[in-house]
$ cat my_file.cif   # mmCIF, C-alpha atoms
data_upload
loop_
_atom_site.label_atom_id
_atom_site.label_comp_id
_atom_site.auth_asym_id
_atom_site.auth_seq_id
_atom_site.Cartn_x
_atom_site.Cartn_y
_atom_site.Cartn_z
CA PHE A 1 38.04 -7.16 33.78
CA TYR A 2 37.61 -3.63 32.53
CA ARG A 3 38.40 -1.80 35.75
CA LYS A 4 41.68 0.04 36.27
CA GLU A 5 41.58 -0.20 40.06
CA LYS A 6 43.37 -2.88 42.07
CA PHE A 7 42.17 -6.30 40.97
CA SER A 8 39.41 -7.79 43.12
CA PHE A 9 38.16 -11.28 42.29
CA LYS A 10 34.88 -10.67 44.14
CA GLU A 11 34.26 -7.40 42.31
CA THR A 12 35.17 -8.99 38.98
CA ILE A 13 32.64 -11.78 39.53
CA LYS A 14 30.02 -9.28 40.64
CA SER A 15 30.52 -7.07 37.60
CA ASN A 16 30.67 -9.95 35.10
CA LEU A 17 28.42 -12.57 36.67
CA TRP A 18 26.64 -13.11 33.36
CA ASP A 19 29.87 -14.00 31.58
CA PHE A 20 30.85 -16.54 34.22
CA SER A 21 27.34 -17.99 34.18
CA LEU A 22 27.38 -18.42 30.41
CA ILE A 23 30.85 -20.03 30.59
CA CYS A 24 29.47 -22.48 33.15
CA MET A 25 26.48 -23.12 30.89
CA LEU A 26 28.76 -23.89 27.94
CA LEU A 27 30.93 -26.22 30.04
CA TRP A 28 27.85 -27.95 31.43
CA ALA A 29 26.54 -28.38 27.89
CA GLY A 30 29.85 -30.06 27.07
CA ILE A 31 29.33 -32.56 29.88
CA SER A 32 25.75 -33.17 28.71
CA THR A 33 27.09 -33.79 25.20
CA ALA A 34 29.66 -36.28 26.48
CA LEU A 35 26.93 -38.16 28.38
CA ALA A 36 24.37 -38.11 25.55
CA ASP A 37 23.12 -41.41 24.13
CA ASP A 38 24.11 -40.33 20.62
CA LYS A 39 27.28 -38.32 21.09
CA LEU A 40 27.86 -37.58 17.39
CA PHE A 41 24.30 -36.31 17.09
CA ALA A 42 24.79 -34.12 20.18
CA LEU A 43 28.04 -32.74 18.78
CA GLN A 44 26.94 -32.00 15.22
CA GLY A 45 23.16 -31.84 15.33
CA TYR A 46 21.44 -33.07 12.20
CA TRP A 47 20.76 -31.71 8.71
CA TYR A 48 17.73 -29.62 9.68
CA ARG A 49 18.84 -28.05 12.94
CA LYS A 50 22.65 -28.27 12.81
CA ASP A 51 22.39 -27.15 16.42
CA GLY A 52 24.76 -29.45 18.27
CA TYR A 53 27.56 -28.54 20.67
CA TYR A 54 29.79 -27.37 17.81
CA THR A 55 27.16 -24.75 17.00
CA TYR A 56 27.03 -23.76 20.67
CA LEU A 57 30.71 -22.86 20.34
CA VAL A 58 29.82 -20.68 17.35
CA TYR A 59 27.20 -18.89 19.45
CA ALA A 60 29.85 -18.30 22.11
CA SER A 61 32.25 -16.85 19.55
CA MET A 62 29.57 -14.47 18.24
CA TYR A 63 28.89 -13.36 21.81
CA ILE A 64 32.58 -12.72 22.49
CA CYS A 65 33.12 -10.79 19.24
CA ALA A 66 30.05 -8.62 19.85
CA LYS A 67 31.16 -7.97 23.42
CA ALA A 68 34.39 -6.50 22.05
CA ILE A 69 32.56 -3.78 20.11
CA ASN A 70 33.48 -0.43 21.70
CA SER A 71 32.53 2.08 19.03
CA GLU A 72 29.05 3.60 19.11
CA LYS A 73 29.37 4.10 15.37
CA LEU A 74 30.01 0.40 14.85
CA LYS A 75 27.05 -0.50 17.06
CA LEU A 76 24.90 1.81 14.98
CA TRP A 77 25.96 -0.04 11.86
CA VAL A 78 25.10 -3.39 13.45
CA PHE A 79 21.57 -2.07 13.99
CA ARG A 80 21.43 -0.73 10.44
CA TRP A 81 22.81 -3.92 8.96
CA ILE A 82 20.19 -6.18 10.51
CA ALA A 83 17.47 -3.69 9.52
CA VAL A 84 18.53 -3.87 5.87
CA VAL A 85 18.82 -7.67 5.93
CA CYS A 86 15.33 -8.09 7.38
CA THR A 87 13.90 -5.61 4.88
CA CYS A 88 15.39 -7.49 1.93
CA LEU A 89 13.90 -10.74 3.25
CA SER A 90 10.52 -9.07 3.85
CA MET A 91 10.57 -8.02 0.19
CA MET A 92 10.31 -11.71 -0.61
CA THR A 93 7.17 -11.82 1.51
CA LEU A 94 5.75 -8.89 -0.46
CA PHE A 95 6.37 -10.59 -3.81
CA GLN A 96 4.93 -13.87 -2.56
CA TYR A 97 1.90 -12.07 -1.11
CA ASN A 98 1.03 -10.06 -4.22
CA ASP A 99 0.34 -12.05 -7.38
CA LYS A 100 0.82 -9.05 -9.66
CA LEU A 101 4.24 -8.28 -8.25
CA PHE A 102 5.09 -11.96 -8.50
CA GLU A 103 4.14 -11.97 -12.18
CA MET A 104 6.22 -8.83 -12.82
CA LEU A 105 9.33 -10.81 -11.91
CA GLY A 106 8.65 -13.18 -14.80
CA ALA A 107 11.04 -16.10 -14.96
CA HIS A 108 13.01 -14.72 -12.01
CA GLY A 109 9.91 -14.96 -9.85
CA GLU A 110 9.77 -18.71 -10.28
CA GLY A 111 12.86 -18.89 -8.11
CA LEU A 112 10.80 -17.76 -5.13
CA ASN A 113 8.82 -21.00 -5.30
CA ILE A 114 11.67 -22.93 -3.72
CA TYR A 115 11.37 -20.87 -0.53
CA THR A 116 8.82 -21.26 2.25
CA THR A 117 5.92 -18.86 1.67
CA TYR A 118 6.32 -15.82 3.95
CA GLY A 119 9.40 -17.49 5.44
CA GLY A 120 12.17 -15.59 3.68
CA ILE A 121 15.07 -17.91 2.86
CA PHE A 122 14.46 -20.04 5.95
CA TYR A 123 13.13 -23.59 6.32
CA ASN A 124 10.17 -22.42 8.36
CA THR A 125 8.09 -19.26 8.78
CA ASN A 126 8.80 -19.35 12.53
CA HIS A 127 12.54 -19.15 11.91
CA PHE A 128 12.15 -16.03 9.80
CA ALA A 129 9.99 -14.52 12.53
CA TYR A 130 12.75 -15.06 15.12
CA LEU A 131 15.04 -12.87 13.02
CA LEU A 132 12.28 -10.32 12.36
CA THR A 133 11.76 -9.91 16.10
CA ILE A 134 15.35 -8.74 16.48
CA GLY A 135 15.32 -6.70 13.27
CA ILE A 136 12.06 -4.86 13.91
CA LEU A 137 13.11 -3.89 17.43
CA ALA A 138 16.48 -2.77 16.05
CA MET A 139 14.62 -0.52 13.60
CA SER A 140 12.59 1.00 16.43
CA CYS A 141 15.89 1.78 18.18
CA LEU A 142 17.24 3.40 15.02
CA VAL A 143 14.24 5.74 14.93
CA VAL A 144 15.41 6.95 18.34
CA VAL A 145 19.20 7.17 17.91
CA GLU A 146 19.60 8.31 14.29
CA LYS A 147 20.56 11.98 14.29
CA LYS A 148 19.33 12.89 10.81
CA TYR A 149 15.55 13.23 10.48
CA ILE A 150 15.60 11.64 7.04
CA ASN A 151 17.20 8.53 8.56
CA LYS A 152 14.58 8.46 11.30
CA ILE A 153 11.82 8.60 8.69
CA ILE A 154 13.43 5.88 6.57
CA PHE A 155 13.79 3.47 9.47
CA LEU A 156 10.30 4.26 10.72
CA ALA A 157 9.00 3.30 7.26
CA LEU A 158 11.09 0.13 7.30
CA PHE A 159 9.77 -0.63 10.77
CA GLY A 160 6.21 -0.42 9.46
CA PHE A 161 6.97 -2.54 6.40
CA ASN A 162 8.67 -5.29 8.40
CA THR A 163 5.90 -5.23 11.01
CA TRP A 164 3.50 -5.94 8.14
CA GLY A 165 5.77 -8.80 7.05
CA LEU A 166 5.79 -10.24 10.58
CA ILE A 167 2.00 -10.18 10.84
CA ILE A 168 1.64 -11.80 7.41
CA ASN A 169 4.21 -14.38 8.53
CA ASN A 170 1.69 -15.25 11.30
CA THR A 171 4.14 -16.29 14.03
CA PHE A 172 2.26 -14.88 16.97
CA GLY A 173 4.98 -15.55 19.55
CA SER A 174 7.34 -13.25 17.66
CA TYR A 175 4.64 -10.60 17.36
CA LEU A 176 4.28 -10.71 21.14
CA GLY A 177 8.06 -10.42 21.42
CA VAL A 178 8.01 -7.20 19.38
CA LEU A 179 5.04 -5.90 21.37
CA PHE A 180 6.71 -6.44 24.74
CA GLY A 181 10.03 -5.21 23.38
CA ILE A 182 8.40 -1.92 22.38
CA ILE A 183 6.82 -1.63 25.82
CA PHE A 184 10.23 -2.27 27.42
CA LEU A 185 11.90 0.35 25.24
CA THR A 186 9.17 2.88 26.01
CA ILE A 187 9.66 2.39 29.75
CA ILE A 188 13.44 2.74 29.35
CA LEU A 189 13.10 6.00 27.41
CA THR A 190 10.54 7.34 29.89
CA ILE A 191 13.12 6.91 32.65
CA LYS A 192 16.34 7.65 30.78
CA GLU A 193 15.63 9.73 27.66
CA LYS A 194 12.35 11.61 27.84
CA LYS A 195 13.54 13.90 25.06
CA ASN A 196 13.48 10.91 22.68
CA LEU A 197 10.13 9.60 23.87
CA PHE A 198 8.41 11.41 20.98
CA TYR A 199 10.21 9.22 18.46
CA MET A 200 9.19 6.10 20.36
CA MET A 201 5.60 7.30 20.30
CA SER A 202 5.80 7.47 16.50
CA VAL A 203 6.98 3.84 16.52
CA ILE A 204 4.03 2.85 18.71
CA ILE A 205 1.55 4.66 16.46
CA VAL A 206 2.92 2.93 13.35
CA PHE A 207 2.90 -0.45 15.11
CA ILE A 208 -0.71 -0.07 16.22
CA GLY A 209 -1.77 1.35 12.86
CA ILE A 210 -0.20 -1.48 10.85
CA SER A 211 -1.64 -4.07 13.24
CA ILE A 212 -5.17 -2.68 12.95
CA CYS A 213 -5.03 -2.31 9.16
CA VAL A 214 -3.74 -5.84 8.55
CA ASN A 215 -6.24 -7.27 11.03
CA ILE A 216 -9.09 -5.54 9.18
CA LEU A 217 -7.99 -7.31 6.00
CA ASN A 218 -7.51 -10.84 7.35
CA ASN A 219 -8.47 -10.88 11.05
CA THR A 220 -5.20 -12.69 11.84
CA LEU A 221 -4.20 -10.83 15.00
CA LEU A 222 -7.63 -10.84 16.63
CA THR A 223 -7.92 -14.57 16.01
CA ASN A 224 -4.46 -15.16 17.49
CA PHE A 225 -5.25 -13.13 20.62
CA GLN A 226 -8.53 -14.98 21.10
CA THR A 227 -6.90 -18.37 20.56
CA THR A 228 -4.06 -17.58 22.96
CA TYR A 229 -6.52 -16.46 25.64
CA SER A 230 -8.59 -19.61 25.16
CA ASP A 231 -5.50 -21.85 25.27
CA ALA A 232 -4.27 -20.15 28.45
CA LYS A 233 -7.57 -20.89 30.20
CA THR A 234 -7.44 -24.58 29.31
CA ILE A 235 -3.70 -25.14 29.59
CA SER A 236 -4.08 -27.98 32.10
CA THR A 237 -6.38 -30.03 29.88
CA ASN A 238 -5.71 -28.89 26.30
CA ASP A 239 -2.46 -30.39 25.00
CA SER A 240 -3.16 -29.21 21.45
CA GLY A 241 -3.18 -25.53 22.42
CA GLY A 242 -0.57 -23.10 21.12
CA SER A 243 -0.18 -25.06 17.87
CA GLN A 244 0.43 -28.18 20.01
CA ARG A 245 3.10 -26.39 22.03
CA ILE A 246 1.38 -27.06 25.34
CA GLY A 247 1.59 -30.82 24.77
CA LEU A 248 5.25 -30.48 23.80
CA TRP A 249 5.96 -28.45 26.94
CA LYS A 250 4.28 -30.95 29.22
CA TYR A 251 6.10 -33.94 27.78
CA ALA A 252 9.44 -32.10 27.85
CA LEU A 253 8.90 -31.39 31.55
CA LYS A 254 8.41 -35.13 32.09
CA CYS A 255 11.69 -35.76 30.25
CA ILE A 256 13.45 -33.18 32.43
CA ALA A 257 12.19 -34.98 35.53
CA LYS A 258 13.82 -38.19 34.26
CA LYS A 259 17.20 -36.57 33.61
CA PRO A 260 17.27 -33.40 35.72
CA VAL A 261 21.04 -32.99 36.14
CA PHE A 262 22.70 -33.35 32.74
CA GLY A 263 19.66 -33.71 30.51
CA TYR A 264 19.59 -35.53 27.18
CA GLY A 265 22.35 -33.54 25.49
CA PRO A 266 21.89 -31.20 22.51
CA GLU A 267 19.17 -32.46 20.14
CA GLY A 268 18.41 -35.21 22.63
CA LEU A 269 14.61 -35.03 22.53
CA LEU A 270 14.11 -36.35 18.99
CA THR A 271 13.81 -40.00 20.03
CA PRO A 272 11.75 -39.43 23.21
CA TYR A 273 9.29 -37.24 21.33
CA TYR A 274 9.03 -39.73 18.48
CA ASN A 275 8.43 -42.64 20.88
CA ALA A 276 5.68 -40.60 22.56
CA GLY A 277 3.93 -40.03 19.23
CA PHE A 278 5.05 -36.45 18.56
CA TYR A 279 6.27 -35.28 15.17
CA ASN A 280 8.48 -32.59 16.68
CA ASP A 281 11.99 -32.66 18.06
CA ARG A 282 11.87 -29.52 20.18
CA PRO A 283 9.53 -28.21 22.91
CA HIS A 284 9.17 -24.84 21.15
CA ASN A 285 10.26 -23.05 24.30
CA GLU A 286 13.95 -22.21 24.59
CA PHE A 287 13.96 -22.24 28.39
CA ILE A 288 12.41 -25.71 28.57
CA GLN A 289 14.71 -26.74 25.71
CA HIS A 290 17.84 -25.75 27.65
CA ALA A 291 16.65 -27.65 30.72
CA ALA A 292 15.91 -30.75 28.64
CA PHE A 293 19.22 -30.64 26.75
CA MET A 294 21.56 -29.52 29.56
CA GLY A 295 19.62 -30.36 32.69
CA ILE A 296 18.22 -27.97 35.26
CA PRO A 297 21.72 -26.64 36.17
CA GLY A 298 22.18 -25.56 32.54
CA LEU A 299 18.93 -23.60 32.66
CA ILE A 300 19.91 -22.07 36.01
CA PHE A 301 23.21 -20.85 34.55
CA TYR A 302 21.34 -19.30 31.61
CA LEU A 303 18.73 -17.60 33.78
CA THR A 304 21.42 -16.35 36.16
CA ALA A 305 23.22 -14.73 33.25
CA LEU A 306 20.08 -13.04 31.94
CA ILE A 307 18.76 -11.90 35.31
CA SER A 308 22.14 -10.59 36.49
CA ILE A 309 22.75 -8.55 33.35
CA PHE A 310 19.30 -6.96 33.40
CA VAL A 311 19.48 -6.24 37.13
CA TYR A 312 22.91 -4.65 36.65
CA CYS A 313 21.58 -2.41 33.85
CA ILE A 314 18.35 -1.47 35.61
CA LYS A 315 20.24 -0.39 38.73
CA ARG A 316 22.43 1.87 36.57
CA ILE A 317 19.80 2.97 34.09
CA SER A 318 20.45 6.67 34.64
CA LYS A 319 24.16 6.28 33.99
CA LEU A 320 24.39 3.77 31.16
CA ASN A 321 24.85 4.63 27.52
CA ILE A 322 21.59 4.75 25.55
CA TYR A 323 22.89 2.14 23.08
CA ILE A 324 23.29 -0.39 25.87
CA LEU A 325 19.75 0.22 27.12
CA LEU A 326 18.23 -0.01 23.64
CA THR A 327 20.17 -3.21 23.01
CA GLY A 328 18.59 -4.51 26.20
CA GLY A 329 15.18 -3.83 24.67
CA VAL A 330 16.05 -5.91 21.61
CA VAL A 331 17.27 -8.78 23.80
CA PHE A 332 14.19 -8.57 26.03
CA GLY A 333 11.86 -8.78 23.03
CA TYR A 334 13.68 -11.83 21.70
CA LEU A 335 13.48 -13.53 25.10
CA VAL A 336 9.70 -13.07 25.12
CA SER A 337 9.46 -14.62 21.66
CA SER A 338 11.81 -17.44 22.72
CA PHE A 339 9.15 -18.61 25.16
CA PHE A 340 7.40 -19.96 22.05
CA GLY A 341 10.40 -20.71 19.83
CA ASN A 342 13.58 -22.70 19.24
CA THR A 343 17.25 -22.00 18.77
CA MET A 344 18.34 -22.38 15.14
CA TYR A 345 21.84 -22.27 13.72
CA TYR A 346 20.95 -19.50 11.26
CA THR A 347 18.94 -17.20 13.55
CA THR A 348 20.25 -17.63 17.11
CA PRO A 349 23.67 -16.09 16.27
CA PHE A 350 21.93 -12.73 15.77
CA TYR A 351 20.50 -12.97 19.27
CA PHE A 352 23.94 -13.67 20.73
CA ILE A 353 25.36 -10.70 18.85
CA PHE A 354 22.96 -8.38 20.66
CA LEU A 355 23.36 -10.24 23.95
CA GLY A 356 27.12 -9.84 23.57
CA MET A 357 26.82 -6.09 23.01
CA LEU A 358 24.55 -5.87 26.07
CA SER A 359 27.03 -7.88 28.14
CA ALA A 360 29.59 -5.07 27.83
CA CYS A 361 27.45 -2.93 30.15
CA SER A 362 30.03 -3.09 32.94
CA ARG A 363 32.67 -1.47 30.76
CA LYS A 364 33.40 1.95 32.24
CA MET A 365 33.45 3.85 28.97
CA LEU A 366 29.81 2.87 28.42
CA PHE A 367 28.74 4.98 31.35
CA LEU A 368 29.49 8.11 29.31
CA ASP A 369 26.49 8.81 27.10
CA LYS A 370 27.65 10.69 24.01
CA HIS A 371 24.32 10.58 22.21
#
$ encode --input "my_file.cif" --output "structure tokens"
Amino acid sequence: FYRKEKFSFKETIKSNLWDFSLICMLLWAGISTALADDKLFALQGYWYRKDGYYTYLVYASMYICAKAINSEKLKLWVFRWIAVVCTCLSMMTLFQYNDKLFEMLGAHGEGLNIYTTYGGIFYNTNHFAYLLTIGILAMSCLVVVEKKYINKIIFLALFGFNTWGLIINNTFGSYLGVLFGIIFLTIILTIKEKKNLFYMMSVIIVFIGISICVNILNNTLLTNFQTTYSDAKTISTNDSGGSQRIGLWKYALKCIAKKPVFGYGPEGLLTPYYNAGFYNDRPHNEFIQHAAFMGIPGLIFYLTALISIFVYCIKRISKLNIYILLTGGVVFGYLVSSFFGNTMYYTTPFYFIFLGMLSACSRKMLFLDKH
């Protein structure tokens, strides 16, 4: 829709396939909601998730608003904003982690007791980690694009601090998301912006340094890597692996086989899981979740959107604006973490903000790199 040439429906579809795919996904989710056993539940979600079809519409609105962002300056502030938010929340982790700091807060510190330990203001540590995945990768991008050296140093320090918070949080799937996001960004800069590769190397050094130091203190990361490797080897027989995720995945796949077209509707797995003896309502894998809630067509629409947008960007990597490519790194990192996570009404909107900014890659003005 952004081209000035004579309108071509075929070219419009080709250049915005991800938008059309996501529209189809949203419409398909609407049909799945209408066919759900508990329609009110599918529409509104429930008190913990609040992730029904109404919330899907909120995700869509966040995507559309973010897609409309044209200014590089405004994009920069989006990155900065989420970096500051994550840092403030990680400060809560610091106070909860250190007894002396906790005591310094006096009566005010008692207020931290109502929050999940190392989980920020969220219900669950995993939920905080989903946000940290996006925020930490955004900070790594800021180290690259900030023009003032003092800003680069500040965001590099914040990157290190929040990486510490993520490791203490102990959500390994999100740690892997950050790891693969950094690898993705490094590859992008190697191809597109070799002059900025030095700044990315500083990010890598800090990431490795923080990881090694924290692991020396509590052995968390080494244990997680060993456990993940062991679970991967026994995935066919060990349903308790991955914090019981493997069992949840397997049963969700059985549910998908029963309702492959329209699925169970949003939040539709609560009863099937409960009847099967599980104390979870989600498969802890967003791709399997989408297939279970919206059927296999819903997942296909989602994957088509993601694959088409990344293929489009990769083919034009030498021409696209650096902000678009770095945003792609943030989205890629989140997608890796989503293989082990869930959508949540208070974290997923941040993902769709960055996906929305990435979706504007076909806009002609974004082919002019002003950085």
$ resolve_selection --input "my_file.cif" --expression "the PyMOL selection byres ((chain A and resi 128-145) around 7)" --output "number ranges by chain"
A: 79, 82-83, 86, 119-120, 122, 124-127, 146-147, 152, 155-156, 159, 162-163, 166, 171, 174, 177-178, 181, 196, 199-200, 203, 326, 330, 334, 347
$ resolve_selection --input "my_file.cif" --expression "the PyMOL selection byres ((chain A and resi 350) around 9)" --output "JSON, numbers by chain"
{"A": [59, 62, 82, 131, 134, 346, 347, 348, 349, 351, 352, 353, 354, 355]}
$ atom_distance --input "my_file.cif" --atom1 "atom CA of A:Glu286" --atom2 "atom CA of A:Cys361"
24.2 Å
$ resolve_selection --input "my_file.cif" --expression "the PyMOL selection byres ((chain A and resi 60) around 10)" --output "count of residues only"
18
$ closest_residue --input "my_file.cif" --among "A:Ser337, A:Lys315, A:Ala232, A:Glu267" --to "A:Trp47" --atoms "all atoms listed in the file"
A:Glu267
$ residues_around --input "my_file.cif" --residues "stretch 31-42 of chain A" --least-positions-apart "3" --cutoff "10 Å" --atoms "only C-alpha atoms" --output "number ranges by chain"
A: 25-28, 45-46, 50-54, 261-268, 293-295, 298
$ write_last_selection --input "my_file.cif" --atoms "C-alpha atoms" --output "tab-separated table (two decimals), in the frame of the given file"
chain	number	residue	atom	x	y	z
A	25	MET	CA	26.48	-23.12	30.89
A	26	LEU	CA	28.76	-23.89	27.94
A	27	LEU	CA	30.93	-26.22	30.04
A	28	TRP	CA	27.85	-27.95	31.43
A	45	GLY	CA	23.16	-31.84	15.33
A	46	TYR	CA	21.44	-33.07	12.20
A	50	LYS	CA	22.65	-28.27	12.81
A	51	ASP	CA	22.39	-27.15	16.42
A	52	GLY	CA	24.76	-29.45	18.27
A	53	TYR	CA	27.56	-28.54	20.67
A	54	TYR	CA	29.79	-27.37	17.81
A	261	VAL	CA	21.04	-32.99	36.14
A	262	PHE	CA	22.70	-33.35	32.74
A	263	GLY	CA	19.66	-33.71	30.51
A	264	TYR	CA	19.59	-35.53	27.18
A	265	GLY	CA	22.35	-33.54	25.49
A	266	PRO	CA	21.89	-31.20	22.51
A	267	GLU	CA	19.17	-32.46	20.14
A	268	GLY	CA	18.41	-35.21	22.63
A	293	PHE	CA	19.22	-30.64	26.75
A	294	MET	CA	21.56	-29.52	29.56
A	295	GLY	CA	19.62	-30.36	32.69
A	298	GLY	CA	22.18	-25.56	32.54
$ build_atoms --input "my_file.cif" --residues "stretch 304-312 of chain A" --atoms "all heavy atoms" --output "PDB file, keeping the file's coordinate frame"
ATOM      1  N   THR A 304      20.557 -17.199  35.328  1.00  0.00           N
ATOM      2  CA  THR A 304      21.420 -16.350  36.160  1.00  0.00           C
ATOM      3  C   THR A 304      22.107 -15.295  35.323  1.00  0.00           C
ATOM      4  O   THR A 304      22.198 -14.121  35.727  1.00  0.00           O
ATOM      5  CB  THR A 304      22.483 -17.206  36.878  1.00  0.00           C
ATOM      6  OG1 THR A 304      21.834 -18.173  37.713  1.00  0.00           O
ATOM      7  CG2 THR A 304      23.395 -16.338  37.728  1.00  0.00           C
ATOM      8  N   ALA A 305      22.570 -15.686  34.148  1.00  0.00           N
ATOM      9  CA  ALA A 305      23.220 -14.730  33.250  1.00  0.00           C
ATOM     10  C   ALA A 305      22.255 -13.633  32.834  1.00  0.00           C
ATOM     11  O   ALA A 305      22.583 -12.439  32.898  1.00  0.00           O
ATOM     12  CB  ALA A 305      23.759 -15.458  32.017  1.00  0.00           C
ATOM     13  N   LEU A 306      21.058 -14.015  32.419  1.00  0.00           N
ATOM     14  CA  LEU A 306      20.080 -13.040  31.940  1.00  0.00           C
ATOM     15  C   LEU A 306      19.613 -12.114  33.064  1.00  0.00           C
ATOM     16  O   LEU A 306      19.556 -10.886  32.903  1.00  0.00           O
ATOM     17  CB  LEU A 306      18.876 -13.756  31.325  1.00  0.00           C
ATOM     18  CG  LEU A 306      19.157 -14.585  30.063  1.00  0.00           C
ATOM     19  CD1 LEU A 306      17.887 -15.293  29.612  1.00  0.00           C
ATOM     20  CD2 LEU A 306      19.694 -13.697  28.947  1.00  0.00           C
ATOM     21  N   ILE A 307      19.272 -12.704  34.192  1.00  0.00           N
ATOM     22  CA  ILE A 307      18.760 -11.900  35.310  1.00  0.00           C
ATOM     23  C   ILE A 307      19.834 -10.945  35.817  1.00  0.00           C
ATOM     24  O   ILE A 307      19.573  -9.759  36.076  1.00  0.00           O
ATOM     25  CB  ILE A 307      18.271 -12.811  36.445  1.00  0.00           C
ATOM     26  CG1 ILE A 307      17.022 -13.580  35.998  1.00  0.00           C
ATOM     27  CG2 ILE A 307      17.955 -11.989  37.699  1.00  0.00           C
ATOM     28  CD1 ILE A 307      16.576 -14.647  36.963  1.00  0.00           C
ATOM     29  N   SER A 308      21.067 -11.434  35.951  1.00  0.00           N
ATOM     30  CA  SER A 308      22.140 -10.590  36.490  1.00  0.00           C
ATOM     31  C   SER A 308      22.445  -9.417  35.575  1.00  0.00           C
ATOM     32  O   SER A 308      22.678  -8.294  36.049  1.00  0.00           O
ATOM     33  CB  SER A 308      23.408 -11.431  36.723  1.00  0.00           C
ATOM     34  OG  SER A 308      23.895 -11.965  35.504  1.00  0.00           O
ATOM     35  N   ILE A 309      22.421  -9.644  34.266  1.00  0.00           N
ATOM     36  CA  ILE A 309      22.750  -8.550  33.350  1.00  0.00           C
ATOM     37  C   ILE A 309      21.642  -7.500  33.317  1.00  0.00           C
ATOM     38  O   ILE A 309      21.916  -6.293  33.266  1.00  0.00           O
ATOM     39  CB  ILE A 309      23.037  -9.111  31.929  1.00  0.00           C
ATOM     40  CG1 ILE A 309      23.712  -8.039  31.075  1.00  0.00           C
ATOM     41  CG2 ILE A 309      21.778  -9.599  31.233  1.00  0.00           C
ATOM     42  CD1 ILE A 309      24.246  -8.583  29.760  1.00  0.00           C
ATOM     43  N   PHE A 310      20.386  -7.931  33.396  1.00  0.00           N
ATOM     44  CA  PHE A 310      19.300  -6.960  33.400  1.00  0.00           C
ATOM     45  C   PHE A 310      19.223  -6.210  34.727  1.00  0.00           C
ATOM     46  O   PHE A 310      18.960  -4.999  34.744  1.00  0.00           O
ATOM     47  CB  PHE A 310      17.958  -7.652  33.097  1.00  0.00           C
ATOM     48  CG  PHE A 310      17.688  -7.816  31.628  1.00  0.00           C
ATOM     49  CD1 PHE A 310      17.889  -9.029  30.993  1.00  0.00           C
ATOM     50  CD2 PHE A 310      17.244  -6.739  30.868  1.00  0.00           C
ATOM     51  CE1 PHE A 310      17.654  -9.176  29.632  1.00  0.00           C
ATOM     52  CE2 PHE A 310      17.008  -6.866  29.507  1.00  0.00           C
ATOM     53  CZ  PHE A 310      17.217  -8.094  28.884  1.00  0.00           C
ATOM     54  N   VAL A 311      19.470  -6.911  35.828  1.00  0.00           N
ATOM     55  CA  VAL A 311      19.480  -6.240  37.130  1.00  0.00           C
ATOM     56  C   VAL A 311      20.597  -5.203  37.183  1.00  0.00           C
ATOM     57  O   VAL A 311      20.407  -4.076  37.666  1.00  0.00           O
ATOM     58  CB  VAL A 311      19.653  -7.276  38.271  1.00  0.00           C
ATOM     59  CG1 VAL A 311      19.946  -6.572  39.599  1.00  0.00           C
ATOM     60  CG2 VAL A 311      18.405  -8.135  38.394  1.00  0.00           C
ATOM     61  N   TYR A 312      21.765  -5.567  36.677  1.00  0.00           N
ATOM     62  CA  TYR A 312      22.910  -4.650  36.650  1.00  0.00           C
ATOM     63  C   TYR A 312      22.551  -3.380  35.869  1.00  0.00           C
ATOM     64  O   TYR A 312      22.849  -2.260  36.303  1.00  0.00           O
ATOM     65  CB  TYR A 312      24.108  -5.349  36.006  1.00  0.00           C
ATOM     66  CG  TYR A 312      25.390  -4.546  36.039  1.00  0.00           C
ATOM     67  CD1 TYR A 312      26.313  -4.711  37.070  1.00  0.00           C
ATOM     68  CD2 TYR A 312      25.691  -3.622  35.040  1.00  0.00           C
ATOM     69  CE1 TYR A 312      27.495  -3.977  37.103  1.00  0.00           C
ATOM     70  CE2 TYR A 312      26.863  -2.885  35.062  1.00  0.00           C
ATOM     71  CZ  TYR A 312      27.766  -3.066  36.104  1.00  0.00           C
ATOM     72  OH  TYR A 312      28.917  -2.334  36.138  1.00  0.00           O
TER      73      TYR A 312
END
